[in-house]
Every structure is written in C-alpha cells, then in structure tokens.
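Source file: final22.pdb; contents: PDB, C-alpha atoms and all ligand atoms.
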ATOM      1  CA  MET A  23       6.551 -22.843 -33.293
ATOM      2  CA  GLY A  24       6.778 -21.559 -36.862
ATOM      3  CA  SER A  25       3.277 -22.632 -37.849
ATOM      4  CA  ARG A  26       1.850 -21.045 -34.713
ATOM      5  CA  CYS A  27       3.610 -17.849 -35.613
ATOM      6  CA  ARG A  28       2.214 -17.838 -39.135
ATOM      7  CA  LYS A  29      -1.276 -18.258 -37.706
ATOM      8  CA  GLN A  30      -1.057 -15.376 -35.272
ATOM      9  CA  LYS A  31      -3.727 -12.773 -35.591
ATOM     10  CA  ARG A  32      -2.809  -9.300 -36.611
ATOM     11  CA  GLN A  33      -4.369  -7.156 -33.923
ATOM     12  CA  LEU A  34      -4.174  -3.718 -35.364
ATOM     13  CA  HIS A  35      -4.439  -0.795 -33.074
ATOM     14  CA  ARG A  36      -3.225   2.728 -33.013
ATOM     15  CA  LEU A  37      -0.895   3.697 -30.249
ATOM     16  CA  PRO A  38      -0.586   7.243 -28.940
ATOM     17  CA  GLN A  39       1.746   9.444 -30.897
ATOM     18  CA  SER A  40       2.389  11.858 -28.101
ATOM     19  CA  GLY A  41       5.598  11.671 -26.169
ATOM     20  CA  SER A  42       8.105  13.952 -24.641
ATOM     21  CA  HIS A  43      11.269  14.703 -26.463
ATOM     22  CA  ASP A  44      13.315  16.475 -23.860
ATOM     23  CA  ARG A  45      15.952  13.814 -24.234
ATOM     24  CA  GLY A  46      15.485  13.032 -27.877
ATOM     25  CA  LEU A  47      15.552   9.421 -28.872
ATOM     26  CA  GLY A  48      16.473   8.354 -25.373
ATOM     27  CA  GLU A  49      12.852   8.733 -24.422
ATOM     28  CA  LEU A  50      11.527   6.493 -27.110
ATOM     29  CA  ASP A  51      11.913   3.123 -25.604
ATOM     30  CA  LEU A  52      10.271   1.229 -28.416
ATOM     31  CA  ASP A  53       9.265   1.953 -31.931
ATOM     32  CA  ILE A  54       5.679   0.860 -31.682
ATOM     33  CA  SER A  55       4.500   0.616 -35.230
ATOM     34  CA  GLU A  56       2.453  -2.465 -35.794
ATOM     35  CA  VAL A  57       4.729  -3.551 -38.582
ATOM     36  CA  LEU A  58       7.726  -3.506 -36.322
ATOM     37  CA  PHE A  59       5.989  -5.398 -33.587
ATOM     38  CA  ASP A  60       4.759  -8.012 -36.039
ATOM     39  CA  ASN A  61       8.294  -8.380 -37.267
ATOM     40  CA  TYR A  62       9.504  -8.433 -33.693
ATOM     41  CA  THR A  63       7.318 -11.413 -32.970
ATOM     42  CA  ARG A  64       8.344 -13.051 -36.201
ATOM     43  CA  MET A  65      11.962 -12.602 -35.303
ATOM     44  CA  TYR A  66      11.483 -14.682 -32.182
ATOM     45  CA  CYS A  67       9.307 -17.186 -33.914
ATOM     46  CA  ARG A  68      11.505 -17.951 -36.862
ATOM     47  CA  TRP A  69      14.535 -19.040 -35.005
ATOM     48  CA  SER A  70      14.567 -22.420 -33.420
ATOM     49  CA  ILE A  71      16.386 -22.578 -30.131
ATOM     50  CA  LEU A  72      18.685 -25.306 -31.374
ATOM     51  CA  LEU A  73      19.784 -23.330 -34.407
ATOM     52  CA  LEU A  74      20.377 -20.257 -32.336
ATOM     53  CA  LEU A  75      22.412 -22.173 -29.817
ATOM     54  CA  LEU A  76      24.639 -23.265 -32.649
ATOM     55  CA  LEU A  77      24.936 -19.788 -34.088
ATOM     56  CA  HIS A  78      25.169 -17.802 -30.902
ATOM     57  CA  VAL A  79      28.606 -16.311 -30.397
ATOM     58  CA  ALA A  80      29.664 -15.580 -26.874
ATOM     59  CA  ALA A  81      30.709 -12.068 -25.979
ATOM     60  CA  PRO A  82      34.435 -11.533 -26.217
ATOM     61  CA  ALA A  83      35.954 -11.694 -22.773
ATOM     62  CA  LEU A  84      37.929  -8.744 -21.534
ATOM     63  CA  ALA A  85      41.613  -9.208 -20.946
ATOM     64  CA  ALA A  86      42.683  -9.225 -17.316
ATOM     65  CA  GLY A  87      42.791  -5.707 -15.967
ATOM     66  CA  ASP A  88      40.518  -4.297 -18.648
ATOM     67  CA  VAL A  89      37.334  -2.619 -17.616
ATOM     68  CA  ALA A  90      34.007  -2.621 -19.382
ATOM     69  CA  ILE A  91      33.194   0.660 -21.107
ATOM     70  CA  ALA A  92      29.862   2.087 -22.238
ATOM     71  CA  PHE A  93      30.061   4.274 -25.335
ATOM     72  CA  GLY A  94      27.597   6.960 -26.326
ATOM     73  CA  GLY A  95      24.035   6.924 -25.049
ATOM     74  CA  GLY A  96      20.973   4.750 -25.039
ATOM     75  CA  GLY A  97      19.843   5.965 -28.457
ATOM     76  CA  CYS A  98      23.211   5.542 -30.117
ATOM     77  CA  GLY A  99      25.817   3.577 -28.295
ATOM     78  CA  LYS A 100      27.891   0.449 -27.925
ATOM     79  CA  LEU A 101      29.319  -1.610 -25.124
ATOM     80  CA  ASP A 102      32.750  -3.083 -24.581
ATOM     81  CA  GLY A 103      32.872  -5.941 -22.078
ATOM     82  CA  GLY A 104      29.161  -6.614 -21.724
ATOM     83  CA  GLU A 105      28.025  -9.364 -19.381
ATOM     84  CA  ALA A 106      24.921 -11.514 -19.605
ATOM     85  CA  LEU A 107      22.269 -11.175 -16.953
ATOM     86  CA  PRO A 108      21.571 -14.730 -15.742
ATOM     87  CA  CYS A 109      18.600 -16.197 -17.577
ATOM     88  CA  ARG A 110      17.242 -17.425 -14.292
ATOM     89  CA  ALA A 111      18.253 -17.625 -10.660
ATOM     90  CA  ALA A 112      16.644 -18.300  -7.302
ATOM     91  CA  ASN A 113      14.006 -15.577  -7.485
ATOM     92  CA  PHE A 114      14.161 -14.083 -10.982
ATOM     93  CA  GLU A 115      14.115 -15.091 -14.618
ATOM     94  CA  THR A 116      14.042 -13.742 -18.138
ATOM     95  CA  PHE A 117      10.654 -13.065 -19.683
ATOM     96  CA  ALA A 118      11.539 -15.409 -22.564
ATOM     97  CA  ASP A 119      14.295 -17.973 -22.905
ATOM     98  CA  THR A 120      14.556 -17.005 -26.542
ATOM     99  CA  ALA A 121      15.758 -13.560 -25.510
ATOM    100  CA  CYS A 122      18.672 -15.186 -23.732
ATOM    101  CA  VAL A 123      19.417 -17.443 -26.676
ATOM    102  CA  LEU A 124      19.388 -14.404 -28.927
ATOM    103  CA  GLY A 125      21.834 -12.664 -26.612
ATOM    104  CA  ARG A 126      19.461  -9.830 -25.760
ATOM    105  CA  ASN A 127      20.127 -10.009 -22.013
ATOM    106  CA  TYR A 128      23.473  -8.198 -21.774
ATOM    107  CA  LEU A 129      24.395  -5.210 -19.655
ATOM    108  CA  HIS A 130      27.472  -3.452 -18.380
ATOM    109  CA  PRO A 131      28.872  -5.750 -15.641
ATOM    110  CA  LEU A 132      28.198  -3.189 -12.904
ATOM    111  CA  ILE A 133      24.561  -3.061 -13.982
ATOM    112  CA  VAL A 134      24.368  -6.861 -13.934
ATOM    113  CA  LYS A 135      25.668  -6.755 -10.362
ATOM    114  CA  THR A 136      23.149  -4.056  -9.547
ATOM    115  CA  VAL A 137      20.179  -5.976 -10.938
ATOM    116  CA  VAL A 138      21.206  -9.284  -9.395
ATOM    117  CA  GLY A 139      21.980  -7.639  -6.061
ATOM    118  CA  ALA A 140      18.580  -5.956  -5.972
ATOM    119  CA  TYR A 141      16.788  -9.247  -6.538
ATOM    120  CA  ALA A 142      18.822 -10.854  -3.770
ATOM    121  CA  THR A 143      17.705  -8.230  -1.272
ATOM    122  CA  LEU A 144      14.064  -8.721  -2.268
ATOM    123  CA  ALA A 145      14.095 -12.439  -1.495
ATOM    124  CA  LYS A 146      13.382 -11.925   2.195
ATOM    125  CA  ASP A 147      10.360  -9.649   1.823
ATOM    126  CA  PHE A 148       8.990 -11.394  -1.278
ATOM    127  CA  PRO A 149       9.754 -15.078  -0.651
ATOM    128  CA  HIS A 150       7.133 -16.383  -3.075
ATOM    129  CA  ARG A 151       7.788 -14.109  -5.990
ATOM    130  CA  THR A 152       9.780 -14.932  -9.101
ATOM    131  CA  TRP A 153      10.686 -11.603 -10.647
ATOM    132  CA  GLN A 154      10.617 -11.284 -14.386
ATOM    133  CA  TYR A 155      12.973  -9.053 -16.322
ATOM    134  CA  GLY A 156      12.546  -7.974 -19.942
ATOM    135  CA  GLU A 157      15.026  -7.061 -22.628
ATOM    136  CA  THR A 158      18.282  -5.368 -21.720
ATOM    137  CA  GLY A 159      20.834  -5.189 -24.539
ATOM    138  CA  LYS A 160      23.292  -7.018 -26.729
ATOM    139  CA  ALA A 161      26.778  -8.127 -25.760
ATOM    140  CA  GLU A 162      28.444  -5.381 -27.732
ATOM    141  CA  GLY A 163      25.565  -2.935 -27.474
ATOM    142  CA  GLY A 164      24.255  -1.171 -30.540
ATOM    143  CA  PRO A 165      20.724  -1.241 -31.911
ATOM    144  CA  LEU A 166      18.344  -3.607 -30.164
ATOM    145  CA  TRP A 167      15.541  -3.630 -32.643
ATOM    146  CA  PRO A 168      12.727  -2.574 -32.189
ATOM    147  CA  HIS A 169      13.868  -0.615 -29.143
ATOM    148  CA  LYS A 170      15.301   2.794 -29.812
ATOM    149  CA  THR A 171      17.394   2.813 -26.675
ATOM    150  CA  HIS A 172      19.169  -0.030 -24.824
ATOM    151  CA  GLN A 173      22.294   0.531 -26.927
ATOM    152  CA  ASN A 174      25.082   1.008 -24.400
ATOM    153  CA  GLY A 175      24.409  -1.594 -21.734
ATOM    154  CA  LEU A 176      22.816   0.733 -19.212
ATOM    155  CA  ALA A 177      19.089   0.104 -19.732
ATOM    156  CA  ALA A 178      16.919  -2.707 -18.466
ATOM    157  CA  ASP A 179      13.248  -3.543 -18.818
ATOM    158  CA  PHE A 180      11.391  -5.201 -15.966
ATOM    159  CA  PHE A 181       7.964  -6.749 -16.330
ATOM    160  CA  VAL A 182       5.522  -5.610 -13.668
ATOM    161  CA  PRO A 183       5.026  -8.006 -10.762
ATOM    162  CA  VAL A 184       1.371  -8.939 -10.595
ATOM    163  CA  ILE A 185      -1.087 -10.600  -8.239
ATOM    164  CA  ASN A 186      -3.611 -13.088  -9.554
ATOM    165  CA  LYS A 187      -7.237 -13.742  -8.626
ATOM    166  CA  LYS A 188      -6.155 -15.990  -5.763
ATOM    167  CA  GLY A 189      -4.086 -13.198  -4.285
ATOM    168  CA  GLU A 190      -0.849 -14.962  -5.188
ATOM    169  CA  PRO A 191       2.273 -13.447  -6.731
ATOM    170  CA  ASP A 192       2.169 -14.065 -10.456
ATOM    171  CA  GLN A 193       3.803 -12.948 -13.710
ATOM    172  CA  VAL A 194       2.786 -11.156 -16.860
ATOM    173  CA  PRO A 195       1.703 -13.887 -19.294
ATOM    174  CA  ILE A 196       4.186 -14.291 -22.122
ATOM    175  CA  SER A 197       3.283 -15.682 -25.527
ATOM    176  CA  VAL A 198       3.765 -15.125 -29.218
ATOM    177  CA  PHE A 199       0.194 -13.846 -29.284
ATOM    178  CA  ASN A 200       0.915 -10.873 -27.015
ATOM    179  CA  LYS A 201       4.301 -10.004 -28.482
ATOM    180  CA  PHE A 202       6.084 -11.764 -25.688
ATOM    181  CA  GLY A 203       4.265  -9.797 -23.024
ATOM    182  CA  TYR A 204       5.034  -6.360 -24.418
ATOM    183  CA  ASP A 205       1.536  -6.129 -25.882
ATOM    184  CA  VAL A 206      -0.342  -6.820 -22.641
ATOM    185  CA  GLU A 207      -2.394  -3.722 -21.880
ATOM    186  CA  PHE A 208      -3.111  -2.873 -18.251
ATOM    187  CA  ASP A 209      -5.845  -0.345 -17.508
ATOM    188  CA  LYS A 210      -5.217   2.853 -15.626
ATOM    189  CA  ARG A 211      -5.671   1.046 -12.316
ATOM    190  CA  GLY A 212      -3.093  -1.542 -13.317
ATOM    191  CA  ARG A 213      -5.485  -4.414 -14.007
ATOM    192  CA  VAL A 214      -5.912  -6.855 -16.865
ATOM    193  CA  ASP A 215      -7.606 -10.249 -17.164
ATOM    194  CA  GLY A 216      -7.773 -11.051 -13.454
ATOM    195  CA  LEU A 217      -4.291  -9.742 -12.776
ATOM    196  CA  ARG A 218      -3.426  -6.588 -10.895
ATOM    197  CA  ILE A 219      -0.077  -4.912 -10.613
ATOM    198  CA  ASP A 220       1.606  -5.301  -7.237
ATOM    199  CA  PHE A 221       2.605  -1.665  -6.876
ATOM    200  CA  GLY A 222       4.125  -2.380  -3.501
ATOM    201  CA  ALA A 223       6.480  -4.834  -5.182
ATOM    202  CA  VAL A 224       7.311  -2.385  -7.971
ATOM    203  CA  GLY A 225       8.218   0.273  -5.424
ATOM    204  CA  ALA A 226      10.272  -2.165  -3.366
ATOM    205  CA  HIS A 227      12.128  -3.221  -6.500
ATOM    206  CA  LEU A 228      12.951   0.361  -7.452
ATOM    207  CA  LEU A 229      14.245   1.066  -3.959
ATOM    208  CA  ALA A 230      16.292  -2.136  -4.027
ATOM    209  CA  LEU A 231      17.766  -1.129  -7.379
ATOM    210  CA  GLU A 232      18.699   2.261  -5.968
ATOM    211  CA  VAL A 233      20.514   0.734  -2.991
ATOM    212  CA  SER A 234      22.210  -1.910  -5.096
ATOM    213  CA  ALA A 235      23.276   0.681  -7.653
ATOM    214  CA  LYS A 236      24.908   2.760  -4.953
ATOM    215  CA  SER A 237      26.801  -0.219  -3.609
ATOM    216  CA  ASN A 238      28.154  -0.839  -7.106
ATOM    217  CA  GLY A 239      29.195   2.749  -7.717
ATOM    218  CA  VAL A 240      26.457   3.509 -10.234
ATOM    219  CA  ARG A 241      23.095   5.205  -9.996
ATOM    220  CA  ILE A 242      19.628   5.214 -11.495
ATOM    221  CA  ASP A 243      19.333   7.903 -14.141
ATOM    222  CA  ARG A 244      15.733   7.543 -15.259
ATOM    223  CA  ILE A 245      12.638   5.436 -14.655
ATOM    224  CA  ILE A 246       9.911   5.061 -17.250
ATOM    225  CA  ILE A 247       6.537   3.753 -16.153
ATOM    226  CA  THR A 248       3.248   5.167 -17.368
ATOM    227  CA  PRO A 249       2.197   8.303 -15.459
ATOM    228  CA  ASP A 250      -1.110   6.509 -14.887
ATOM    229  CA  PHE A 251       0.662   4.513 -12.192
ATOM    230  CA  HIS A 252       2.769   7.177 -10.473
ATOM    231  CA  ALA A 253       0.167   8.066  -7.861
ATOM    232  CA  ALA A 254      -0.567   4.432  -7.037
ATOM    233  CA  LEU A 255       3.113   3.722  -6.648
ATOM    234  CA  LEU A 256       3.613   6.636  -4.312
ATOM    235  CA  ARG A 257       0.528   5.686  -2.336
ATOM    236  CA  GLU A 258       1.687   2.079  -1.909
ATOM    237  CA  VAL A 259       5.326   2.913  -1.266
ATOM    238  CA  PRO A 260       5.704   6.471   0.061
ATOM    239  CA  ALA A 261       9.444   5.877   0.414
ATOM    240  CA  ILE A 262       9.884   6.219  -3.341
ATOM    241  CA  GLU A 263       9.060   9.918  -3.172
ATOM    242  CA  HIS A 264      12.706  10.891  -3.502
ATOM    243  CA  LEU A 265      12.877   8.872  -6.735
ATOM    244  CA  LEU A 266      10.029  10.782  -8.378
ATOM    245  CA  PRO A 267      12.365  13.337 -10.032
ATOM    246  CA  LEU A 268      13.806  10.397 -11.982
ATOM    247  CA  PHE A 269      10.401   9.366 -13.315
ATOM    248  CA  MET A 270       9.606  10.367 -16.878
ATOM    249  CA  LYS A 271       6.592  12.613 -16.425
ATOM    250  CA  LYS A 272       5.007  12.198 -19.831
ATOM    251  CA  GLU A 273       3.830   9.116 -21.597
ATOM    252  CA  ALA A 274       6.465   7.540 -23.799
ATOM    253  CA  TRP A 275       5.518   6.568 -27.323
ATOM    254  CA  VAL A 276       4.945   3.133 -25.921
ATOM    255  CA  ARG A 277       2.811   3.165 -22.799
ATOM    256  CA  HIS A 278       4.956   1.510 -20.163
ATOM    257  CA  ASP A 279       2.266  -0.404 -18.325
ATOM    258  CA  GLU A 280       3.317  -4.047 -18.623
ATOM    259  CA  HIS A 281       6.935  -3.182 -17.968
ATOM    260  CA  TYR A 282       9.023  -0.404 -16.552
ATOM    261  CA  HIS A 283      12.304   0.753 -18.011
ATOM    262  CA  VAL A 284      15.281   1.819 -15.924
ATOM    263  CA  ASP A 285      18.323   3.684 -17.237
ATOM    264  CA  PHE A 286      21.458   3.568 -15.142
ATOM    265  CA  GLU A 287      24.450   5.852 -15.152
ATOM    266  CA  LEU A 288      28.086   4.879 -14.782
ATOM    267  CA  PRO A 289      30.935   6.947 -13.359
ATOM    268  CA  SER A 290      32.576   9.057 -16.059
ATOM    269  CA  ASN A 291      35.731   6.919 -16.161
ATOM    270  CA  LEU A 292      33.639   4.009 -17.479
ATOM    271  CA  ARG A 293      31.983   6.008 -20.242
ATOM    272  CA  ARG A 294      33.259   7.248 -23.575
ATOM    273  CA  PRO A 295      31.639   9.520 -26.121
ATOM    274  CA  LEU A 296      30.538   8.080 -29.419
ATOM    275  CA  ALA A 297      30.106  10.006 -32.640
ATOM    276  CA  CYS A 298      26.779   8.795 -33.896
ATOM    277  CA  GLN A 299      25.450   8.952 -37.391
ATOM    278  CA  ARG A 300      21.727   9.265 -37.733
TER     279      ARG A 300
HETATM  280 ZN    ZN B   1      13.272  -0.364 -22.267
END
Could you render the structure as structure tokens?
Amino acid sequence: MGSRCRKQKRQLHRLPQSGSHDRGLGELDLDISEVLFDNYTRMYCRWSILLLLLLHVAAPALAAGDVAIAFGGGGCGKLDGGEALPCRAANFETFADTACVLGRNYLHPLIVKTVVGAYATLAKDFPHRTWQYGETGKAEGGPLWPHKTHQNGLAADFFVPVINKKGEPDQVPISVFNKFGYDVEFDKRGRVDGLRIDFGAVGAHLLALEVSAKSNGVRIDRIIITPDFHAALLREVPAIEHLLPLFMKKEAWVRHDEHYHVDFELPSNLRRPLACQR
C-alpha cells in the first residue's frame, strides 16, 4: 500500500473559496487545501492495518448509570462516552475499513442508534442497496483532521447512493487515488463516470434519519449537500420539503457532492459547554 501511495499523482485544482459563515467554523466541513488532502491520503496510506490494530485503544467504557455527554460544538468540542458505528452490517458499511481501524467512526450513542435505526428502516424499500457512510468522529471527540467539524460526536458524513450504467444500486468508488472517495466530483446533475446519484434514495435516507432521530430523542440540526442538488432532491422526494429549512443554502468550502453531512442535536441535559481556545 505504501508504494502505491508514494506513486499517487498530485492532481492540483483550486476549490471555491466562497462559503457562508453564519455559523462560523461549523459550516466548514473540511479544510480543502490540496496539501491537507494529500496529507489526508498519506495518513491512511502510511499505516498498515495490522499495526493500527495493535495500537488502537478502545474507547473508555462509561460506568453503569453514566450517560454520554457531548461538549462544545462541531468546530470545537469533545465527547464523553462515544460509541463506534458498526463498520458494516446487513445493509450498510463504512466507506473505508481503515477509517474504522483508525477509530474515526465514533458518535454519541444516541446518534449511533439513530443512524443504525434509519438504515434498518430502509432495508424494506431498498433491498439491494448497501449504504455507505463516511467519517463521523473520534471516540473522545476533538479535532478530526482535516475536517473542521465532527468534534463532539454529533456529525456524520454519508456517501451518496448511486446507480450504475446497468441501473443497479452502486457505491461511490473508494481508492487512495480519489482521496478515499472525498475527491470524486459529481456534475451539477449528480453524474460522474457512468454513475448517477439516486436522489430518491438520498431523500428516503434523510427522512429515515429524521424519524429515527425522533425515536431516540434527538433531532437533525443541519444538512449539508451542495445547493446544486436541492431542486433534484425535492423533485424526487417532495416529502423532504419540511426539511429544507435545515439545508445549508450556500456552498460550503468543500462542495458536498459525493457526500452529505448531517449534524444532529441532543437534548440539553446531554450537552455541556466547552471553553474553546482558537
Ligand atoms: Zn462532514
């Protein structure tokens, strides 16, 4: 794996610098400088799975009766009592096993339940789809480089469900050459290399997350997906109209086309402020 990583091409491109700042750093899902992304890929490449298995330290378990607490916000936070999202299950899986090995698949336990519950409800209507989630957070929260949010266990990335040339459910291709999927660039119609985004599935997933969140006493706080896709989503799944106020209206610094980002909110008794130093 290491030699392949050293041989990877440096595909330089400028990404848009515009972005809304009405929530400060919370809006900036990823720092998109090329240097960071190159390093991001290198980070995955350098570590062999065996070594990481040996080094990986499990999250400290909470004592009986303790509850998991999210501190601060997405841009500066931490998590007490984080739980790993399963790396794979009947109808979903991580985008990269390495992310699991690196412990970058943690969330607040209620958000784990929410995500898993949503996938379970989708099994009936999407029997042939294996859903693909992206990065979430670390066991104890904190910076999840190169993301600028994902720090308090309440944010999850989901790769877009796609349909291939044969009309079958498929996944975003993941490799070291496309920065583990995060560098795949869909056009404004949601197409790339014979794949097209299944907007109906995206909408169904968002609705399933909303229902599952409610059943777990939490709620969706914000959804980030490129504005290029908002109209298509609404057209395919009119039932998401009531979720539109949660959609970030402007383009984030990173165009969210290959994945969408969802922030969740916990009840106030499960949150604590955090004095952050910037
Ligand atoms: Zn994200």
Checklist entry - Which of these, A:Asn174, A:Thr152, A:Thr143, A:Asn113, has the shortest distance to A:Asp192 once you count only C-alpha atoms? => result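 For A:Asp192, the nearest of the given residues is A:Thr152.
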Item to check | Close residues to ligand ZN 1 (chain B) using only C-alpha atoms and all ligand atoms, limit 12 Å, as a PyMOL selection string | outcome: chain A and resi 48-53+96-97+126-127+155-159+166-173+175-181+204+244-247+274-286
Save out the residues we just selected, C-alpha atoms, as a PDB file, in the coordinates of the input.
ATOM      1  CA  GLY A  48      16.473   8.354 -25.373  1.00  0.00           C
ATOM      2  CA  GLU A  49      12.852   8.733 -24.422  1.00  0.00           C
ATOM      3  CA  LEU A  50      11.527   6.493 -27.110  1.00  0.00           C
ATOM      4  CA  ASP A  51      11.913   3.123 -25.604  1.00  0.00           C
ATOM      5  CA  LEU A  52      10.271   1.229 -28.416  1.00  0.00           C
ATOM      6  CA  ASP A  53       9.265   1.953 -31.931  1.00  0.00           C
ATOM      7  CA  GLY A  96      20.973   4.750 -25.039  1.00  0.00           C
ATOM      8  CA  GLY A  97      19.843   5.965 -28.457  1.00  0.00           C
ATOM      9  CA  ARG A 126      19.461  -9.830 -25.760  1.00  0.00           C
ATOM     10  CA  ASN A 127      20.127 -10.009 -22.013  1.00  0.00           C
ATOM     11  CA  TYR A 155      12.973  -9.053 -16.322  1.00  0.00           C
ATOM     12  CA  GLY A 156      12.546  -7.974 -19.942  1.00  0.00           C
ATOM     13  CA  GLU A 157      15.026  -7.061 -22.628  1.00  0.00           C
ATOM     14  CA  THR A 158      18.282  -5.368 -21.720  1.00  0.00           C
ATOM     15  CA  GLY A 159      20.834  -5.189 -24.539  1.00  0.00           C
ATOM     16  CA  LEU A 166      18.344  -3.607 -30.164  1.00  0.00           C
ATOM     17  CA  TRP A 167      15.541  -3.630 -32.643  1.00  0.00           C
ATOM     18  CA  PRO A 168      12.727  -2.574 -32.189  1.00  0.00           C
ATOM     19  CA  HIS A 169      13.868  -0.615 -29.143  1.00  0.00           C
ATOM     20  CA  LYS A 170      15.301   2.794 -29.812  1.00  0.00           C
ATOM     21  CA  THR A 171      17.394   2.813 -26.675  1.00  0.00           C
ATOM     22  CA  HIS A 172      19.169  -0.030 -24.824  1.00  0.00           C
ATOM     23  CA  GLN A 173      22.294   0.531 -26.927  1.00  0.00           C
ATOM     24  CA  GLY A 175      24.409  -1.594 -21.734  1.00  0.00           C
ATOM     25  CA  LEU A 176      22.816   0.733 -19.212  1.00  0.00           C
ATOM     26  CA  ALA A 177      19.089   0.104 -19.732  1.00  0.00           C
ATOM     27  CA  ALA A 178      16.919  -2.707 -18.466  1.00  0.00           C
ATOM     28  CA  ASP A 179      13.248  -3.543 -18.818  1.00  0.00           C
ATOM     29  CA  PHE A 180      11.391  -5.201 -15.966  1.00  0.00           C
ATOM     30  CA  PHE A 181       7.964  -6.749 -16.330  1.00  0.00           C
ATOM     31  CA  TYR A 204       5.034  -6.360 -24.418  1.00  0.00           C
ATOM     32  CA  ARG A 244      15.733   7.543 -15.259  1.00  0.00           C
ATOM     33  CA  ILE A 245      12.638   5.436 -14.655  1.00  0.00           C
ATOM     34  CA  ILE A 246       9.911   5.061 -17.250  1.00  0.00           C
ATOM     35  CA  ILE A 247       6.537   3.753 -16.153  1.00  0.00           C
ATOM     36  CA  ALA A 274       6.465   7.540 -23.799  1.00  0.00           C
ATOM     37  CA  TRP A 275       5.518   6.568 -27.323  1.00  0.00           C
ATOM     38  CA  VAL A 276       4.945   3.133 -25.921  1.00  0.00           C
ATOM     39  CA  ARG A 277       2.811   3.165 -22.799  1.00  0.00           C
ATOM     40  CA  HIS A 278       4.956   1.510 -20.163  1.00  0.00           C
ATOM     41  CA  ASP A 279       2.266  -0.404 -18.325  1.00  0.00           C
ATOM     42  CA  GLU A 280       3.317  -4.047 -18.623  1.00  0.00           C
ATOM     43  CA  HIS A 281       6.935  -3.182 -17.968  1.00  0.00           C
ATOM     44  CA  TYR A 282       9.023  -0.404 -16.552  1.00  0.00           C
ATOM     45  CA  HIS A 283      12.304   0.753 -18.011  1.00  0.00           C
ATOM     46  CA  VAL A 284      15.281   1.819 -15.924  1.00  0.00           C
ATOM     47  CA  ASP A 285      18.323   3.684 -17.237  1.00  0.00           C
ATOM     48  CA  PHE A 286      21.458   3.568 -15.142  1.00  0.00           C
TER      49      PHE A 286
END
Item to check | A:Glu263 surroundings by all atoms listed in the file, 12 Å radius, close-in-sequence under 2 positions cut, as a ChimeraX atom specification | outcome: /A:225,228-229,252-261,265-269
Checklist entry - Separation of atom CA of A:Arg211 and atom CA of A:Ala230, in Å? => result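 Between these atoms lies a distance of 23.7 Å.
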Next on the checklist: Excluding stretch 87-95 of chain A and its own-chain neighbours fewer than 4 positions away, which residues fall within 8 Å of it when counting only C-alpha atoms? Please give them as a PyMOL selection string.
Outcome noted: chain A and resi 48+99-104+130-131+171+173-176+292-298
Generate the output file for the selected residues, C-alpha atoms, as a PDB file, keeping the file's coordinate frame.
ATOM      1  CA  GLY A  48      16.473   8.354 -25.373  1.00  0.00           C
ATOM      2  CA  GLY A  99      25.817   3.577 -28.295  1.00  0.00           C
ATOM      3  CA  LYS A 100      27.891   0.449 -27.925  1.00  0.00           C
ATOM      4  CA  LEU A 101      29.319  -1.610 -25.124  1.00  0.00           C
ATOM      5  CA  ASP A 102      32.750  -3.083 -24.581  1.00  0.00           C
ATOM      6  CA  GLY A 103      32.872  -5.941 -22.078  1.00  0.00           C
ATOM      7  CA  GLY A 104      29.161  -6.614 -21.724  1.00  0.00           C
ATOM      8  CA  HIS A 130      27.472  -3.452 -18.380  1.00  0.00           C
ATOM      9  CA  PRO A 131      28.872  -5.750 -15.641  1.00  0.00           C
ATOM     10  CA  THR A 171      17.394   2.813 -26.675  1.00  0.00           C
ATOM     11  CA  GLN A 173      22.294   0.531 -26.927  1.00  0.00           C
ATOM     12  CA  ASN A 174      25.082   1.008 -24.400  1.00  0.00           C
ATOM     13  CA  GLY A 175      24.409  -1.594 -21.734  1.00  0.00           C
ATOM     14  CA  LEU A 176      22.816   0.733 -19.212  1.00  0.00           C
ATOM     15  CA  LEU A 292      33.639   4.009 -17.479  1.00  0.00           C
ATOM     16  CA  ARG A 293      31.983   6.008 -20.242  1.00  0.00           C
ATOM     17  CA  ARG A 294      33.259   7.248 -23.575  1.00  0.00           C
ATOM     18  CA  PRO A 295      31.639   9.520 -26.121  1.00  0.00           C
ATOM     19  CA  LEU A 296      30.538   8.080 -29.419  1.00  0.00           C
ATOM     20  CA  ALA A 297      30.106  10.006 -32.640  1.00  0.00           C
ATOM     21  CA  CYS A 298      26.779   8.795 -33.896  1.00  0.00           C
TER      22      CYS A 298
END
Next on the checklist: Ranking A:Leu124, A:Leu288, A:Ala111, A:Val184 by minimum distance to A:Lys236 and counting only C-alpha atoms, which one comes first?
Outcome noted: A:Leu288
Edge lengths and centre, in Å to one decimal, as AutoDock Vina command-line options: that's what I need for the box along x, y and z that holds all listed atoms of stretch 266-285 of chain A plus 4 Å on each side.
--center_x 10.3 --center_y 4.6 --center_z -17.9 --size_x 24.1 --size_y 25.4 --size_z 26.9
Checklist entry - Hey, can you check how far atom CA of A:Asp147 sits from atom CA of A:Asp243? => result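 Value for the atom CA of A:Asp147-atom CA of A:Asp243 distance: 25.4 Å.
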Checklist entry - Which residue out of A:Val123, A:Ala106, A:Ile185, A:Ala140 has the minimum interatomic distance to A:Ala226 when all atoms listed in the file are used? => result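 Once distances to A:Ala226 are computed over all atoms listed in the file, the minimum belongs to A:Ala140.
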Name the residues captured by the PyMOL selection byres (((chain A and resi 160) around 6) and not hetatm) when it is applied to the shown file; answer as a PDB file with C-alpha atoms, in the frame of the given file.
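Okay, this is what ended up in out-v2.pdb:
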ATOM      1  CA  GLY A 125      21.834 -12.664 -26.612  1.00  0.00           C
ATOM      2  CA  ARG A 126      19.461  -9.830 -25.760  1.00  0.00           C
ATOM      3  CA  TYR A 128      23.473  -8.198 -21.774  1.00  0.00           C
ATOM      4  CA  GLY A 159      20.834  -5.189 -24.539  1.00  0.00           C
ATOM      5  CA  ALA A 161      26.778  -8.127 -25.760  1.00  0.00           C
ATOM      6  CA  GLU A 162      28.444  -5.381 -27.732  1.00  0.00           C
ATOM      7  CA  GLY A 163      25.565  -2.935 -27.474  1.00  0.00           C
TER       8      GLY A 163
END
Item to check | Closest of A:Ala118, A:Ala235, A:Val224, A:Leu129 to A:Pro195 - atom-to-atom distances counting all atoms listed in the file | outcome: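 Counting all atoms listed in the file, the residue closest to A:Pro195 is A:Ala118.
Taking atom CA of A:Thr248 and atom CA of A:Ala121 as the two end points, the separation is 23.9 Å.
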Item to check | Nearest candidate to A:Gly203 (options A:Thr136, A:Gly222, A:Thr116, A:Ala142; using all atoms listed in the file) | outcome: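 Counting all atoms listed in the file, the residue closest to A:Gly203 is A:Thr116.
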Next on the checklist: Please determine, counting only C-alpha atoms, which residue among A:His264, A:Arg213, A:Phe114, A:Phe202 has the shortest atom-to-atom distance to A:Gly139.
Outcome noted: A:Phe114
